[in-house]
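Structure below is entry-v1.txt: compact mmCIF, C-alpha atoms.
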```
# COMPACT_ATOMS: atom_id res chain seq x y z
CA MET A 1 84.28 -158.47 -131.54
CA SER A 2 86.93 -155.76 -131.78
CA TYR A 3 89.54 -155.68 -134.53
CA LEU A 4 92.26 -156.24 -131.95
CA GLN A 5 90.50 -159.31 -130.60
CA LEU A 6 89.98 -160.58 -134.14
CA LEU A 7 93.71 -160.31 -134.86
CA GLN A 8 94.56 -162.01 -131.58
CA ASP A 9 92.22 -164.88 -132.37
CA SER A 10 93.37 -165.23 -136.00
CA PRO A 11 97.19 -165.40 -136.22
CA VAL A 12 97.11 -166.02 -139.98
CA LEU A 13 94.98 -162.93 -140.54
CA PHE A 14 97.26 -160.91 -138.29
CA LEU A 15 100.38 -161.93 -140.21
CA ALA A 16 98.66 -161.33 -143.56
CA VAL A 17 97.65 -157.81 -142.51
CA VAL A 18 101.16 -157.04 -141.31
CA PHE A 19 102.67 -158.44 -144.53
CA LEU A 20 100.40 -156.31 -146.73
CA LEU A 21 101.12 -153.25 -144.61
CA GLY A 22 104.82 -154.03 -144.94
CA LEU A 23 104.52 -154.09 -148.74
CA ILE A 24 102.87 -150.67 -148.71
CA VAL A 25 105.40 -149.22 -146.28
CA GLY A 26 108.16 -150.80 -148.36
CA SER A 27 107.11 -148.61 -151.27
CA PHE A 28 107.58 -145.57 -149.03
CA LEU A 29 110.92 -146.91 -147.80
CA ASN A 30 112.10 -146.86 -151.41
CA VAL A 31 111.24 -143.17 -151.53
CA VAL A 32 113.15 -142.48 -148.31
CA ILE A 33 116.18 -144.44 -149.51
CA LEU A 34 116.25 -142.47 -152.76
CA ARG A 35 115.29 -138.98 -151.61
CA LEU A 36 116.70 -138.52 -148.11
CA PRO A 37 120.35 -138.57 -149.28
CA LEU A 38 119.49 -136.08 -152.05
CA MET A 39 117.74 -133.86 -149.51
CA LEU A 40 120.81 -133.98 -147.26
CA HIS A 41 123.12 -133.22 -150.18
CA ARG A 42 121.07 -130.12 -151.05
CA GLN A 43 121.12 -129.02 -147.42
CA TRP A 44 124.88 -129.52 -147.11
CA GLN A 45 125.51 -127.68 -150.37
CA GLY A 46 123.42 -124.77 -149.17
CA ASP A 47 125.21 -124.70 -145.81
CA CYS A 48 128.61 -124.70 -147.54
CA LEU A 49 127.62 -121.87 -149.88
CA GLU A 50 126.23 -119.86 -146.97
CA TYR A 51 129.43 -120.33 -144.98
CA LEU A 52 131.72 -119.43 -147.89
CA THR A 53 129.60 -116.42 -148.80
CA GLU A 54 129.78 -115.09 -145.25
CA HIS A 55 133.35 -115.96 -144.27
CA HIS A 56 135.36 -116.66 -147.46
CA PRO A 57 133.69 -114.89 -150.37
CA HIS A 58 137.01 -114.74 -152.27
CA GLN A 59 136.99 -118.56 -152.54
CA LEU A 60 133.73 -118.59 -154.45
CA LYS A 61 133.81 -118.70 -158.22
CA THR A 62 132.33 -115.80 -160.15
CA GLY A 63 129.07 -117.62 -160.74
CA GLN A 64 127.37 -119.56 -157.98
CA PRO A 65 125.63 -122.77 -159.03
CA PRO A 66 121.92 -122.17 -159.53
CA ALA A 67 119.73 -123.20 -156.66
CA GLU A 68 117.57 -126.25 -157.22
CA SER A 69 114.11 -125.18 -158.30
CA GLY A 70 111.03 -126.16 -156.36
CA PRO A 71 110.58 -128.01 -153.06
CA TYR A 72 112.12 -131.45 -152.71
CA ASN A 73 111.20 -133.73 -149.81
CA LEU A 74 109.70 -137.15 -149.14
CA LEU A 75 106.28 -136.06 -150.44
CA THR A 76 107.08 -133.48 -153.13
CA PRO A 77 107.43 -133.74 -156.09
CA ALA A 78 105.25 -136.70 -157.06
CA SER A 79 107.04 -139.85 -158.21
CA ARG A 80 108.19 -139.81 -161.83
CA CYS A 81 110.29 -141.93 -164.13
CA PRO A 82 113.87 -140.61 -163.78
CA HIS A 83 114.47 -141.12 -167.51
CA CYS A 84 111.43 -139.66 -169.27
CA GLY A 85 109.66 -137.77 -166.47
CA HIS A 86 106.47 -139.84 -166.81
CA ALA A 87 104.25 -139.28 -163.74
CA ILE A 88 103.73 -142.55 -161.89
CA ARG A 89 100.00 -143.24 -161.72
CA ALA A 90 98.33 -145.03 -158.81
CA TRP A 91 97.98 -148.37 -160.57
CA GLU A 92 101.66 -148.21 -161.56
CA ASN A 93 102.69 -147.81 -157.93
CA ILE A 94 101.14 -150.92 -156.34
CA PRO A 95 103.91 -152.71 -154.42
CA VAL A 96 105.38 -155.68 -156.34
CA ILE A 97 102.22 -156.16 -158.45
CA SER A 98 102.82 -153.09 -160.61
CA TYR A 99 106.40 -154.17 -161.24
CA LEU A 100 105.13 -157.54 -162.50
CA LEU A 101 102.33 -156.00 -164.60
CA LEU A 102 104.75 -153.55 -166.18
CA ARG A 103 107.28 -156.36 -166.69
CA GLY A 104 109.90 -154.30 -164.93
CA ARG A 105 109.77 -151.38 -167.38
CA CYS A 106 108.48 -147.82 -167.42
CA ASN A 107 105.00 -147.75 -168.94
CA ASN A 108 105.94 -144.74 -171.07
CA CYS A 109 109.56 -145.08 -172.23
CA GLN A 110 110.08 -148.81 -171.55
CA THR A 111 113.30 -148.12 -169.64
CA PRO A 112 114.02 -151.03 -167.25
CA ILE A 113 113.05 -150.44 -163.62
CA SER A 114 115.52 -151.67 -161.04
CA ALA A 115 114.45 -154.94 -159.40
CA ARG A 116 115.64 -153.44 -156.12
CA TYR A 117 112.31 -151.64 -155.66
CA PRO A 118 110.07 -154.73 -155.47
CA ILE A 119 112.77 -156.60 -153.54
CA ILE A 120 112.78 -153.94 -150.82
CA GLU A 121 108.98 -154.01 -150.74
CA LEU A 122 109.01 -157.79 -150.33
CA VAL A 123 111.73 -157.68 -147.69
CA SER A 124 109.80 -154.99 -145.82
CA GLY A 125 106.68 -157.16 -145.79
CA LEU A 126 108.43 -160.42 -144.93
CA LEU A 127 110.56 -159.01 -142.12
CA ALA A 128 107.57 -157.17 -140.66
CA ALA A 129 105.52 -160.40 -140.71
CA LEU A 130 108.35 -162.36 -139.11
CA THR A 131 108.72 -159.70 -136.42
CA ALA A 132 104.96 -159.76 -135.79
CA TRP A 133 105.02 -163.56 -135.55
CA GLN A 134 107.79 -163.34 -132.96
CA PHE A 135 106.14 -160.70 -130.72
CA GLY A 136 102.43 -161.35 -131.34
CA VAL A 137 99.66 -158.77 -131.16
CA THR A 138 101.42 -156.48 -128.70
CA PRO A 139 102.72 -152.90 -128.53
CA THR A 140 106.21 -154.43 -128.55
CA ALA A 141 105.53 -155.82 -132.03
CA VAL A 142 104.49 -152.39 -133.33
CA PHE A 143 107.72 -150.71 -132.26
CA ALA A 144 109.85 -153.69 -133.27
CA ILE A 145 108.40 -153.44 -136.77
CA VAL A 146 109.14 -149.70 -136.87
CA LEU A 147 112.75 -150.47 -135.92
CA THR A 148 112.87 -153.17 -138.60
CA TRP A 149 111.78 -150.74 -141.32
CA ALA A 150 114.27 -148.13 -140.12
CA LEU A 151 117.10 -150.67 -140.28
CA ILE A 152 116.17 -151.49 -143.88
CA VAL A 153 116.45 -147.80 -144.82
CA LEU A 154 119.75 -147.38 -142.97
CA THR A 155 121.16 -150.50 -144.60
CA MET A 156 120.42 -149.32 -148.12
CA ILE A 157 121.54 -145.70 -147.59
CA ASP A 158 124.83 -146.83 -146.08
CA TYR A 159 125.29 -149.32 -148.92
CA ASP A 160 124.68 -146.59 -151.52
CA HIS A 161 126.34 -143.57 -149.91
CA PHE A 162 128.59 -144.79 -147.06
CA TYR A 163 126.87 -142.84 -144.29
CA LEU A 164 124.06 -143.31 -141.79
CA PRO A 165 121.80 -140.22 -141.51
CA ASP A 166 121.46 -138.69 -138.06
CA ASN A 167 117.88 -137.82 -139.09
CA ILE A 168 117.01 -141.49 -138.58
CA VAL A 169 119.56 -142.82 -136.10
CA LEU A 170 119.33 -140.18 -133.37
CA PRO A 171 115.51 -140.00 -133.08
CA LEU A 172 115.46 -143.80 -132.87
CA LEU A 173 118.10 -143.74 -130.14
CA TRP A 174 115.94 -141.43 -128.03
CA LEU A 175 112.83 -143.47 -128.87
CA GLY A 176 114.56 -146.62 -127.64
CA LEU A 177 115.39 -144.96 -124.32
CA LEU A 178 111.84 -143.66 -124.03
CA LEU A 179 110.31 -147.08 -124.70
CA ASN A 180 112.62 -148.78 -122.24
CA SER A 181 111.75 -146.25 -119.56
CA GLN A 182 108.58 -148.36 -119.56
CA GLY A 183 110.52 -151.63 -119.84
CA LEU A 184 109.27 -152.50 -123.33
CA PHE A 185 112.40 -154.32 -124.55
CA THR A 186 114.71 -154.09 -121.54
CA ASP A 187 115.04 -152.05 -118.35
CA ILE A 188 116.07 -148.41 -118.55
CA THR A 189 119.42 -149.00 -116.82
CA SER A 190 120.42 -151.61 -119.39
CA ALA A 191 119.26 -149.27 -122.16
CA LEU A 192 121.30 -146.33 -120.86
CA PHE A 193 124.43 -148.40 -120.44
CA GLY A 194 123.71 -150.00 -123.83
CA ALA A 195 123.68 -146.62 -125.56
CA MET A 196 126.90 -145.50 -123.88
CA ALA A 197 128.72 -148.81 -124.31
CA GLY A 198 127.58 -149.16 -127.91
CA TYR A 199 129.08 -145.82 -128.87
CA LEU A 200 132.27 -146.20 -126.84
CA ALA A 201 132.94 -149.76 -128.04
CA LEU A 202 133.26 -148.85 -131.73
CA TRP A 203 134.76 -145.45 -130.96
CA SER A 204 137.58 -147.21 -129.08
CA VAL A 205 138.16 -149.62 -131.96
CA TYR A 206 138.21 -146.67 -134.37
CA GLN A 207 140.78 -144.77 -132.29
CA LEU A 208 143.00 -147.82 -131.84
CA PHE A 209 142.89 -148.67 -135.55
CA LYS A 210 143.69 -145.07 -136.46
CA LEU A 211 146.57 -145.00 -133.98
CA VAL A 212 148.09 -148.20 -135.38
CA THR A 213 147.48 -147.70 -139.11
CA GLY A 214 146.94 -143.97 -139.49
CA LYS A 215 143.69 -144.70 -141.33
CA GLU A 216 140.02 -144.44 -140.41
CA GLY A 217 138.48 -147.90 -140.25
CA MET A 218 134.83 -146.84 -139.88
CA GLY A 219 132.61 -143.79 -139.62
CA TYR A 220 130.95 -142.07 -136.67
CA GLY A 221 127.59 -143.20 -137.99
CA ASP A 222 128.51 -146.77 -137.05
CA PHE A 223 129.15 -145.66 -133.45
CA LYS A 224 125.75 -143.99 -133.32
CA LEU A 225 123.98 -146.99 -134.87
CA LEU A 226 125.41 -149.39 -132.28
CA ALA A 227 124.50 -146.88 -129.55
CA MET A 228 120.95 -146.82 -130.92
CA LEU A 229 120.75 -150.63 -130.89
CA GLY A 230 122.10 -150.62 -127.34
CA ALA A 231 119.39 -148.14 -126.33
CA TRP A 232 116.72 -150.49 -127.72
CA LEU A 233 118.08 -153.87 -126.66
CA GLY A 234 120.35 -153.16 -123.70
CA TRP A 235 124.07 -153.62 -123.14
CA GLN A 236 123.60 -157.39 -122.81
CA MET A 237 122.94 -157.69 -126.57
CA LEU A 238 126.02 -155.72 -127.67
CA PRO A 239 128.53 -158.62 -127.66
CA ALA A 240 126.24 -160.71 -129.87
CA ILE A 241 125.64 -157.79 -132.24
CA ILE A 242 129.34 -156.96 -132.56
CA LEU A 243 130.31 -160.62 -133.02
CA LEU A 244 127.61 -161.31 -135.61
CA SER A 245 128.22 -158.13 -137.59
CA SER A 246 132.00 -158.63 -137.63
CA LEU A 247 131.70 -162.27 -138.67
CA VAL A 248 129.20 -161.63 -141.45
CA GLY A 249 131.06 -158.52 -142.61
CA ALA A 250 134.34 -160.43 -142.83
CA VAL A 251 132.80 -163.37 -144.70
CA VAL A 252 130.90 -161.17 -147.17
CA GLY A 253 133.86 -158.86 -147.72
CA ILE A 254 136.25 -161.73 -148.44
CA ALA A 255 133.69 -163.39 -150.72
CA LEU A 256 133.19 -160.18 -152.71
CA ILE A 257 136.92 -159.76 -153.19
CA LEU A 258 137.43 -163.42 -154.15
CA PHE A 259 134.64 -163.27 -156.73
CA ARG A 260 135.96 -159.92 -157.96
CA GLN A 261 132.77 -158.10 -157.09
CA HIS A 262 134.69 -155.63 -154.94
CA GLN A 263 138.11 -154.04 -155.36
CA ALA A 264 140.66 -154.70 -152.65
CA GLY A 265 141.30 -151.53 -150.67
CA LYS A 266 137.89 -150.03 -151.43
CA PRO A 267 135.89 -149.39 -148.24
CA ILE A 268 132.97 -151.64 -147.36
CA PRO A 269 130.12 -150.08 -145.32
CA PHE A 270 129.79 -151.66 -141.88
CA GLY A 271 126.30 -150.28 -141.19
CA PRO A 272 124.41 -153.01 -143.11
CA TYR A 273 126.09 -155.73 -141.03
CA LEU A 274 125.36 -153.90 -137.78
CA ALA A 275 121.75 -153.45 -138.86
CA ALA A 276 121.35 -157.12 -139.77
CA ALA A 277 122.96 -158.27 -136.51
CA GLY A 278 120.80 -155.82 -134.55
CA TRP A 279 117.63 -157.16 -136.16
CA ILE A 280 118.63 -160.75 -135.40
CA ALA A 281 119.33 -159.75 -131.79
CA LEU A 282 115.95 -158.00 -131.64
CA LEU A 283 114.16 -161.25 -132.43
CA TRP A 284 116.45 -163.92 -130.99
CA GLY A 285 118.95 -162.09 -128.78
CA PRO A 286 118.29 -163.97 -125.50
CA GLN A 287 118.48 -167.34 -127.27
CA LEU A 288 121.77 -166.34 -128.93
CA ASN A 289 123.26 -165.20 -125.64
CA GLN A 290 122.18 -168.41 -123.93
CA ALA A 291 123.63 -170.53 -126.72
CA TYR A 292 126.91 -168.60 -126.48
CA LEU A 293 127.08 -169.10 -122.70
CA ASN A 294 126.32 -172.81 -123.08
CA TRP A 295 129.11 -173.08 -125.66
CA LEU A 296 131.58 -171.38 -123.30
CA GLN A 297 130.60 -173.67 -120.44
CA GLY A 298 130.62 -176.80 -122.58
```
In structure tokens, how does this file's structure come out?
Amino acid sequence: MSYLQLLQDSPVLFLAVVFLLGLIVGSFLNVVILRLPLMLHRQWQGDCLEYLTEHHPHQLKTGQPPAESGPYNLLTPASRCPHCGHAIRAWENIPVISYLLLRGRCNNCQTPISARYPIIELVSGLLAALTAWQFGVTPTAVFAIVLTWALIVLTMIDYDHFYLPDNIVLPLLWLGLLLNSQGLFTDITSALFGAMAGYLALWSVYQLFKLVTGKEGMGYGDFKLLAMLGAWLGWQMLPAIILLSSLVGAVVGIALILFRQHQAGKPIPFGPYLAAAGWIALLWGPQLNQAYLNWLQG
């Protein structure tokens, strides 16, 4: 019996394997969430210095800031405690379990470790298992899980830094179109119109809001994210995604202000709500659309 056949015949085993894989990948997602913005900041700083050096050298101060020493990417340097520099050993890096064994503290300096790390690992495993349960042992499930993990990363980066990296969004947009050229999630026509309509829908709202108020209501990353979701799920899912994300965003934003967890006037990232709505549409989009149509007719 092949491994694939074994997973098909044992749904519990299949979901357990996906959950454990999700925990492991979740540990890597934490690295991406932490390091990718820092990598982009270094790149942007270098680009700015290069531009000023070439075109406006008089605007530079007498001493340029020293370049960061050593390579810095998703693999290098090895993980260390940000407080004491203690190298994280293998047994200290087991998803969730290590956090519990270490009681949420660095093994060397006893500085508390953020609970966000094991939470993201758990969320990665749980959402991957739920996605696998929805799609079964199919190629569709594999790519749906990849999209799920990417949405987790985008959610946290936008929450922390108020931007959605093109390094993740644009390759996924093209991947969605490629997959749907084979009809994996929708037909290619729906995917193409979904990508165009997704971008133009939020771009139009942005331009109208700016025209009326003189302020920018959202960033271009939000346009690209909705275009990416449209490329994966088709234009038919866009109304549900926009409605869900706007509703949840409004409720959460008002709740944060009422409970004084967020200052009025301070921007709230829209990407996390788009990502959450997109993931819900990925799993239950047709059912949501049908329920909405039934509600309109009833």
Skipping near chain neighbours, those fewer than 5 positions away, what residues fall within 7 Å of Pro118 of chain A using only C-alpha atoms, listed as a compact mmCIF listing (two decimals) with C-alpha atoms, keeping the file's coordinate frame?
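This is the output file around.txt:
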```
# COMPACT_ATOMS: atom_id res chain seq x y z
CA PRO A 95 103.91 -152.71 -154.42
CA VAL A 96 105.38 -155.68 -156.34
CA TYR A 99 106.40 -154.17 -161.24
```
Could you pull the residues within 12 Å of Arg80 of chain A, counting all atoms listed in the file, minus those fewer than 2 positions along the same chain, as a PyMOL selection string?
chain A and resi 31+76-78+82-90+92-93+106-109+113
Taking (117.7, -149.4, -152.7) in the file's coordinates, which residues come within 9 Å, counting all atoms listed in the file, written as a VMD selection string?
chain A and resid 29 to 30 33 to 34 114 116 to 117 119 to 120 153 155 to 157 159 to 160
I'd like the interatomic distance between atom CA of Leu23 of chain A and atom CA of Ala115 of chain A, to a tenth of an Å.
14.6 Å
Counting only C-alpha atoms, find residues at most 10 Å from (141.1, -152.0, -142.0) (file frame) and give them as a VMD selection string.
chain A and resid 206 209 to 210 213 215 to 218 265 267 to 268
Counting all atoms listed in the file, which of A:Ile152, A:Leu147, A:Met39, A:Leu238 gets nearest to Leu175 of chain A?
A:Leu147
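In this model, the gap between atom CA of Leu282 of chain A and atom CA of Ala195 of chain A comes to 15.0 Å.
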Please rebuild segment 123-136 of chain A with N, CA and C atoms and give the result as a short mmCIF file (atom, residue, chain, number, x, y, z; two decimals), keeping the file's coordinate frame.
```cif
data_model
loop_
_atom_site.label_atom_id
_atom_site.label_comp_id
_atom_site.auth_asym_id
_atom_site.auth_seq_id
_atom_site.Cartn_x
_atom_site.Cartn_y
_atom_site.Cartn_z
N VAL A 123 110.96 -157.54 -148.92
CA VAL A 123 111.73 -157.68 -147.69
C VAL A 123 111.04 -156.94 -146.54
N SER A 124 110.52 -155.76 -146.83
CA SER A 124 109.80 -154.99 -145.82
C SER A 124 108.59 -155.77 -145.29
N GLY A 125 107.84 -156.39 -146.20
CA GLY A 125 106.68 -157.16 -145.79
C GLY A 125 107.05 -158.42 -145.04
N LEU A 126 108.04 -159.15 -145.54
CA LEU A 126 108.43 -160.42 -144.93
C LEU A 126 109.03 -160.22 -143.55
N LEU A 127 109.94 -159.24 -143.41
CA LEU A 127 110.56 -159.01 -142.12
C LEU A 127 109.55 -158.48 -141.10
N ALA A 128 108.63 -157.66 -141.56
CA ALA A 128 107.57 -157.17 -140.66
C ALA A 128 106.71 -158.32 -140.18
N ALA A 129 106.35 -159.24 -141.09
CA ALA A 129 105.52 -160.40 -140.71
C ALA A 129 106.27 -161.31 -139.75
N LEU A 130 107.56 -161.51 -140.00
CA LEU A 130 108.35 -162.36 -139.11
C LEU A 130 108.48 -161.73 -137.73
N THR A 131 108.65 -160.41 -137.70
CA THR A 131 108.72 -159.70 -136.42
C THR A 131 107.39 -159.80 -135.68
N ALA A 132 106.28 -159.65 -136.40
CA ALA A 132 104.96 -159.76 -135.79
C ALA A 132 104.73 -161.17 -135.25
N TRP A 133 105.16 -162.17 -136.00
CA TRP A 133 105.02 -163.56 -135.55
C TRP A 133 105.80 -163.78 -134.26
N GLN A 134 106.96 -163.15 -134.14
CA GLN A 134 107.79 -163.34 -132.96
C GLN A 134 107.20 -162.67 -131.72
N PHE A 135 106.61 -161.47 -131.87
CA PHE A 135 106.14 -160.70 -130.72
C PHE A 135 104.64 -160.77 -130.50
N GLY A 136 103.87 -161.25 -131.51
CA GLY A 136 102.43 -161.35 -131.34
C GLY A 136 101.74 -160.00 -131.44
#
```
